[in-house]
Amino acid sequence: MKQDNATTKGVIEVLQEVRKELGQVEANLSRYKELHKATIPDIKETLEVVHFMRKKGESSDQPVTTSYQVSASIFAEATIEPSKGMVVLWLGANTAAELTFDEAEALLTKNLEKKKEQLAQNIEDLNFVKAQVTVCEVSIARVYNNDVKERRKKAAEEDDSK
């Protein structure tokens with residue numbers, strides 16, 4: 001197959017390079033998908049804690065004693081005064097903010113919706129890339145099969161001319 005100065009080997013090499021790049025994109029998207037899937041339960045759990053703290057503050061003036069994780073295997077005990085109507089949210093990057101219950105719920109709800117949208121978009125992108133990988137692999141097979149067909153045809157013509 002010699003068209004437009006392209007050899008079969010060259011075309012297959014280009015397609016294999018594209019397939020390799022698509023594989024890297026697919027791996028990155030898969031990593032982000034898992035990250036989004038892991039973050040959503042954390043946000044939901046934090047939102048539930050804010051709801052719990054609000055209910056506790058409305059129903060009684062007694063402090064809540066709880067354990068929280070400081071690091072991988074270290075837990076500490078804290079006494080929380082829910083009657084203040086405030087919570088401190090860890091925002092990441094060594095940043096925390098003291099917010100009212102309403103502000104915290106609004107922020108967490110917004111973050112949860114945003115994370116769900118990002119996950120949905122990520123899944124859509126991943127499906128598209130997977131489809132492109134399939135197209136690329138089919139193209140490689142077709143180019144190879146066409147080359148085999150052309151070689152057999154050429155060999156048959158040479159045998160007939162002898």
# chains A, B, ... in the order shown; residues from 1 in each chain; ligands from 1
$ closest_atom_pairs --of "segment 77-128 of chain A" --to "segment 23-42 of chain A" --cutoff "8 Å" --atoms "only C-alpha atoms" --output "JSON lines"
{"residue": "A:Leu112", "atom": "CA", "partner": "A:Ile40", "partner_atom": "CA", "distance": 6.4}
{"residue": "A:Lys115", "atom": "CA", "partner": "A:His36", "partner_atom": "CA", "distance": 6.5}
{"residue": "A:Lys116", "atom": "CA", "partner": "A:Ile40", "partner_atom": "CA", "distance": 7.3}
{"residue": "A:Gln118", "atom": "CA", "partner": "A:His36", "partner_atom": "CA", "distance": 7.4}
{"residue": "A:Leu119", "atom": "CA", "partner": "A:His36", "partner_atom": "CA", "distance": 5.8}
{"residue": "A:Asn122", "atom": "CA", "partner": "A:Lys33", "partner_atom": "CA", "distance": 6.2}
{"residue": "A:Ile123", "atom": "CA", "partner": "A:Lys33", "partner_atom": "CA", "distance": 7.0}
{"residue": "A:Asp125", "atom": "CA", "partner": "A:Leu29", "partner_atom": "CA", "distance": 7.6}
{"residue": "A:Leu126", "atom": "CA", "partner": "A:Leu29", "partner_atom": "CA", "distance": 6.0}
$ residues_around --residues "Val88 of chain A" --least-positions-apart "4" --cutoff "10 Å" --atoms "only C-alpha atoms" --output "VMD selection string"
chain A and resid 50 96 to 101 104
$ write_last_selection --atoms "N, CA and C atoms" --output "PDB file, in the first residue's frame"
ATOM      1  N   VAL A  50     -22.835  18.253  59.611  1.00  0.00           N
ATOM      2  CA  VAL A  50     -23.358  19.613  59.791  1.00  0.00           C
ATOM      3  C   VAL A  50     -24.836  19.554  60.166  1.00  0.00           C
ATOM      4  N   ALA A  96      -8.861  26.448  56.671  1.00  0.00           N
ATOM      5  CA  ALA A  96     -10.126  26.118  57.319  1.00  0.00           C
ATOM      6  C   ALA A  96     -10.937  27.403  57.421  1.00  0.00           C
ATOM      7  N   ALA A  97     -12.267  27.246  57.464  1.00  0.00           N
ATOM      8  CA  ALA A  97     -13.130  28.430  57.566  1.00  0.00           C
ATOM      9  C   ALA A  97     -14.221  28.169  58.590  1.00  0.00           C
ATOM     10  N   GLU A  98     -14.492  29.177  59.411  1.00  0.00           N
ATOM     11  CA  GLU A  98     -15.590  29.082  60.370  1.00  0.00           C
ATOM     12  C   GLU A  98     -16.832  29.640  59.683  1.00  0.00           C
ATOM     13  N   LEU A  99     -17.845  28.794  59.574  1.00  0.00           N
ATOM     14  CA  LEU A  99     -19.064  29.161  58.851  1.00  0.00           C
ATOM     15  C   LEU A  99     -20.287  28.888  59.711  1.00  0.00           C
ATOM     16  N   THR A 100     -21.369  29.576  59.408  1.00  0.00           N
ATOM     17  CA  THR A 100     -22.638  29.251  60.056  1.00  0.00           C
ATOM     18  C   THR A 100     -23.134  27.943  59.458  1.00  0.00           C
ATOM     19  N   PHE A 101     -24.118  27.343  60.118  1.00  0.00           N
ATOM     20  CA  PHE A 101     -24.672  26.092  59.593  1.00  0.00           C
ATOM     21  C   PHE A 101     -25.205  26.295  58.177  1.00  0.00           C
ATOM     22  N   ALA A 104     -22.324  26.633  55.719  1.00  0.00           N
ATOM     23  CA  ALA A 104     -21.654  25.341  55.546  1.00  0.00           C
ATOM     24  C   ALA A 104     -22.492  24.409  54.681  1.00  0.00           C
TER      25      ALA A 104
END
$ closest_residue --among "A:Leu91, A:Thr8, A:Arg19, A:Cys136" --to "Asn111 of chain A" --atoms "only C-alpha atoms"
A:Leu91
$ select_by_dssp --residues "chain A" --states "strand (DSSP E)" --output "MDAnalysis selection string"
chainID A and resid 64:71 74:80 86:92 95:100
$ closest_residue --among "A:Val64, A:Ala156, A:Val129, A:Met53" --to "Val87 of chain A" --atoms "only C-alpha atoms"
A:Met53
$ select_by_dssp --residues "chain A" --states "helix (DSSP H, G or I)" --output "ChimeraX atom specification"
/A:8-59,82-84,101-161
$ residues_around --residues "segment 138-140 of chain A" --least-positions-apart "6" --cutoff "10 Å" --atoms "only C-alpha atoms" --output "count of residues only"
10
$ atom_distance --atom1 "atom CA of Ala93 of chain A" --atom2 "atom CA of Glu77 of chain A"
23.5 Å
